[in-house]
Amino acid sequence: MSTRLPGRLARLLSGLVLFGVSVALMVRADLGLASWDVLHQGLAARTGLPLGQVVNLVALAVLLLWIPLRQRPGVGTVANAVVVGVAADVALAVLPPVAPVAGRVGLLLVGILLNGLATALYLGARLGPGPRDGLMTGLAARGLPIGRVRTAIELGVLAIGWALGGTVGPGTLLFAVSIGPLAQRLIPKFTVPAPVRPLTTGATSPCPA
């Protein structure tokens, strides 16, 4: 895998586009919102704020949690806020609603798998995580297994959102328990290796991302 910036940018953008498509697939499956969207919906219902505004406020709050975790934003953090939503809207405009349950289950499963792949691609570019994924990577950097961290975050967010009145379905639970192990398996396979530079002794050392 290329460590050059153009290749990493291509990996970042492709991952974010696929992430947006995965969101659209799960929406069309209509079998339950993803964990964070359950929280967004619950907060919107309690506060009376528009859903989009709640999404942005939650993202800002999560970014504040980066400070004690010493996470730093990057171009991927900004791109995440722009590309995913646009890709999801375009995909929703193309994908028609699906009525048969079997078809909806298929969309859900493809959406979850694609979400895991997309997460691995864009995080693997090493250009900065999105606000919510940065919380995951920040905790994982302290030695915690990334799969367990992701699952704990998803279940915790889901519990809070459900308590606030967010909509929960079977797809919500399946996503919450499966995306962590899936991300743990795929992220190492798609992470761009750090470039190396020669040391004065003639050895090599990884360059910082």
# chains A, B, ... in the order shown; residues from 1 in each chain; ligands from 1

call {"tool": "select_by_dssp", "arguments": {"residues": "range 47-139 of chain A", "states": "alpha helix (DSSP H)", "output": "count of residues only"}}
result
73

call {"tool": "closest_atom_pairs", "arguments": {"of": "range 113-207 of chain A", "to": "range 8-32 of chain A", "cutoff": "8 Å", "atoms": "only C-alpha atoms", "output": "JSON lines"}}
result
{"residue": "A:Leu114", "atom": "CA", "partner": "A:Ser22", "partner_atom": "CA", "distance": 5.6}
{"residue": "A:Asn115", "atom": "CA", "partner": "A:Ser22", "partner_atom": "CA", "distance": 5.3}
{"residue": "A:Leu117", "atom": "CA", "partner": "A:Gly15", "partner_atom": "CA", "distance": 7.6}
{"residue": "A:Ala118", "atom": "CA", "partner": "A:Gly15", "partner_atom": "CA", "distance": 4.3}
{"residue": "A:Thr119", "atom": "CA", "partner": "A:Gly15", "partner_atom": "CA", "distance": 6.4}
{"residue": "A:Ala120", "atom": "CA", "partner": "A:Gly15", "partner_atom": "CA", "distance": 7.5}
{"residue": "A:Leu121", "atom": "CA", "partner": "A:Gly15", "partner_atom": "CA", "distance": 4.9}
{"residue": "A:Tyr122", "atom": "CA", "partner": "A:Leu12", "partner_atom": "CA", "distance": 4.2}
{"residue": "A:Leu123", "atom": "CA", "partner": "A:Leu12", "partner_atom": "CA", "distance": 7.3}
{"residue": "A:Gly124", "atom": "CA", "partner": "A:Leu12", "partner_atom": "CA", "distance": 7.8}
{"residue": "A:Ala125", "atom": "CA", "partner": "A:Arg8", "partner_atom": "CA", "distance": 4.9}
{"residue": "A:Arg126", "atom": "CA", "partner": "A:Arg8", "partner_atom": "CA", "distance": 7.5}
{"residue": "A:Leu127", "atom": "CA", "partner": "A:Leu12", "partner_atom": "CA", "distance": 7.4}
{"residue": "A:Thr167", "atom": "CA", "partner": "A:Gly32", "partner_atom": "CA", "distance": 6.8}
{"residue": "A:Val168", "atom": "CA", "partner": "A:Gly32", "partner_atom": "CA", "distance": 5.3}
{"residue": "A:Gly169", "atom": "CA", "partner": "A:Gly32", "partner_atom": "CA", "distance": 3.9}
{"residue": "A:Pro170", "atom": "CA", "partner": "A:Leu31", "partner_atom": "CA", "distance": 6.0}
{"residue": "A:Gly171", "atom": "CA", "partner": "A:Gly32", "partner_atom": "CA", "distance": 4.9}
{"residue": "A:Thr172", "atom": "CA", "partner": "A:Gly32", "partner_atom": "CA", "distance": 4.9}
{"residue": "A:Val192", "atom": "CA", "partner": "A:Arg8", "partner_atom": "CA", "distance": 7.5}

call {"tool": "residues_around", "arguments": {"residues": "Pro50 in chain A", "least_positions_apart": "6", "cutoff": "10 Å", "atoms": "only C-alpha atoms", "output": "mmCIF file with N, CA and C atoms, in the first residue's frame"}}
result
data_model
loop_
_atom_site.group_PDB
_atom_site.id
_atom_site.type_symbol
_atom_site.label_atom_id
_atom_site.label_comp_id
_atom_site.auth_asym_id
_atom_site.auth_seq_id
_atom_site.Cartn_x
_atom_site.Cartn_y
_atom_site.Cartn_z
ATOM 1 N N HIS A 40 -29.075 10.653 18.689
ATOM 2 C CA HIS A 40 -29.442 11.919 18.043
ATOM 3 C C HIS A 40 -30.955 12.105 18.052
ATOM 4 N N GLN A 41 -31.685 11.044 17.709
ATOM 5 C CA GLN A 41 -33.138 11.126 17.668
ATOM 6 C C GLN A 41 -33.722 11.397 19.062
ATOM 7 N N LEU A 43 -32.232 12.832 21.659
ATOM 8 C CA LEU A 43 -31.910 14.197 22.078
ATOM 9 C C LEU A 43 -32.775 15.215 21.352
ATOM 10 N N ALA A 44 -33.007 14.988 20.059
ATOM 11 C CA ALA A 44 -33.848 15.907 19.294
ATOM 12 C C ALA A 44 -35.266 15.927 19.851
#

call {"tool": "closest_residue", "arguments": {"among": "A:Gly52, A:Gly106, A:Gly156, A:Pro73", "to": "Gly138 in chain A", "atoms": "only C-alpha atoms"}}
result
A:Pro73

call {"tool": "atom_distance", "arguments": {"atom1": "CA of Pro188 in chain A", "atom2": "CA of Leu60 in chain A"}}
result
27.7 Å

call {"tool": "closest_residue", "arguments": {"among": "A:Pro145, A:Pro68, A:Pro6, A:Gly128", "to": "Gln184 in chain A", "atoms": "only C-alpha atoms"}}
result
A:Pro145

call {"tool": "residues_around", "arguments": {"residues": "Gln71 in chain A", "least_positions_apart": "3", "cutoff": "12 Å", "atoms": "only C-alpha atoms", "output": "MDAnalysis selection string"}}
result
chainID A and resid 62:68 74 77 128:142

call {"tool": "residues_around", "arguments": {"residues": "Gly180 in chain A", "least_positions_apart": "2", "cutoff": "9 Å", "atoms": "only C-alpha atoms", "output": "list of chain:residue names"}}
result
A:Gly116, A:Ile146, A:Gly147, A:Arg148, A:Val149, A:Arg150, A:Thr151, A:Ala152, A:Glu154, A:Phe175, A:Ala176, A:Val177, A:Ser178, A:Leu182, A:Ala183, A:Gln184, A:Arg185

call {"tool": "write_last_selection", "arguments": {"atoms": "N, CA, C and O atoms", "output": "short mmCIF file (atom, residue, chain, number, x, y, z; two decimals), in the first residue's frame"}}
result
data_model
loop_
_atom_site.label_atom_id
_atom_site.label_comp_id
_atom_site.auth_asym_id
_atom_site.auth_seq_id
_atom_site.Cartn_x
_atom_site.Cartn_y
_atom_site.Cartn_z
N GLY A 116 -18.12 -1.50 8.11
CA GLY A 116 -16.84 -1.94 8.67
C GLY A 116 -15.69 -1.73 7.71
O GLY A 116 -14.60 -1.27 8.10
N ILE A 146 -9.53 -2.64 20.27
CA ILE A 146 -10.40 -1.71 19.56
C ILE A 146 -11.79 -2.27 19.37
O ILE A 146 -12.79 -1.54 19.39
N GLY A 147 -11.92 -3.60 19.22
CA GLY A 147 -13.23 -4.20 19.06
C GLY A 147 -14.08 -4.03 20.30
O GLY A 147 -15.27 -3.68 20.22
N ARG A 148 -13.49 -4.25 21.47
CA ARG A 148 -14.24 -4.10 22.72
C ARG A 148 -14.58 -2.64 22.98
O ARG A 148 -15.66 -2.32 23.47
N VAL A 149 -13.65 -1.74 22.64
CA VAL A 149 -13.90 -0.31 22.82
C VAL A 149 -15.08 0.13 21.96
O VAL A 149 -16.00 0.80 22.44
N ARG A 150 -15.07 -0.27 20.68
CA ARG A 150 -16.15 0.13 19.77
C ARG A 150 -17.49 -0.43 20.25
O ARG A 150 -18.51 0.27 20.24
N THR A 151 -17.49 -1.70 20.66
CA THR A 151 -18.74 -2.31 21.13
C THR A 151 -19.26 -1.61 22.38
O THR A 151 -20.46 -1.34 22.50
N ALA A 152 -18.36 -1.29 23.32
CA ALA A 152 -18.77 -0.61 24.54
C ALA A 152 -19.35 0.76 24.24
O ALA A 152 -20.36 1.18 24.82
N GLU A 154 -20.73 1.76 21.36
CA GLU A 154 -22.00 1.60 20.66
C GLU A 154 -23.12 1.24 21.64
O GLU A 154 -24.23 1.81 21.57
N PHE A 175 -26.08 -4.15 14.64
CA PHE A 175 -24.98 -3.23 14.32
C PHE A 175 -24.11 -2.99 15.54
O PHE A 175 -22.88 -3.01 15.46
N ALA A 176 -24.74 -2.76 16.69
CA ALA A 176 -24.00 -2.40 17.90
C ALA A 176 -23.04 -3.51 18.33
O ALA A 176 -21.93 -3.22 18.80
N VAL A 177 -23.44 -4.76 18.19
CA VAL A 177 -22.59 -5.86 18.68
C VAL A 177 -21.64 -6.39 17.62
O VAL A 177 -20.66 -7.08 17.96
N SER A 178 -21.88 -6.07 16.35
CA SER A 178 -21.04 -6.65 15.29
C SER A 178 -20.00 -5.69 14.73
O SER A 178 -18.95 -6.13 14.25
N LEU A 182 -15.90 -6.43 13.76
CA LEU A 182 -15.63 -6.28 12.33
C LEU A 182 -14.54 -5.23 12.09
O LEU A 182 -13.61 -5.45 11.29
N ALA A 183 -14.63 -4.11 12.78
CA ALA A 183 -13.62 -3.06 12.64
C ALA A 183 -12.26 -3.55 13.12
O ALA A 183 -11.23 -3.26 12.50
N GLN A 184 -12.24 -4.29 14.22
CA GLN A 184 -10.97 -4.80 14.75
C GLN A 184 -10.28 -5.72 13.75
O GLN A 184 -9.05 -5.72 13.64
N ARG A 185 -11.06 -6.49 13.03
CA ARG A 185 -10.49 -7.42 12.05
C ARG A 185 -10.01 -6.70 10.80
O ARG A 185 -8.98 -7.06 10.22
#
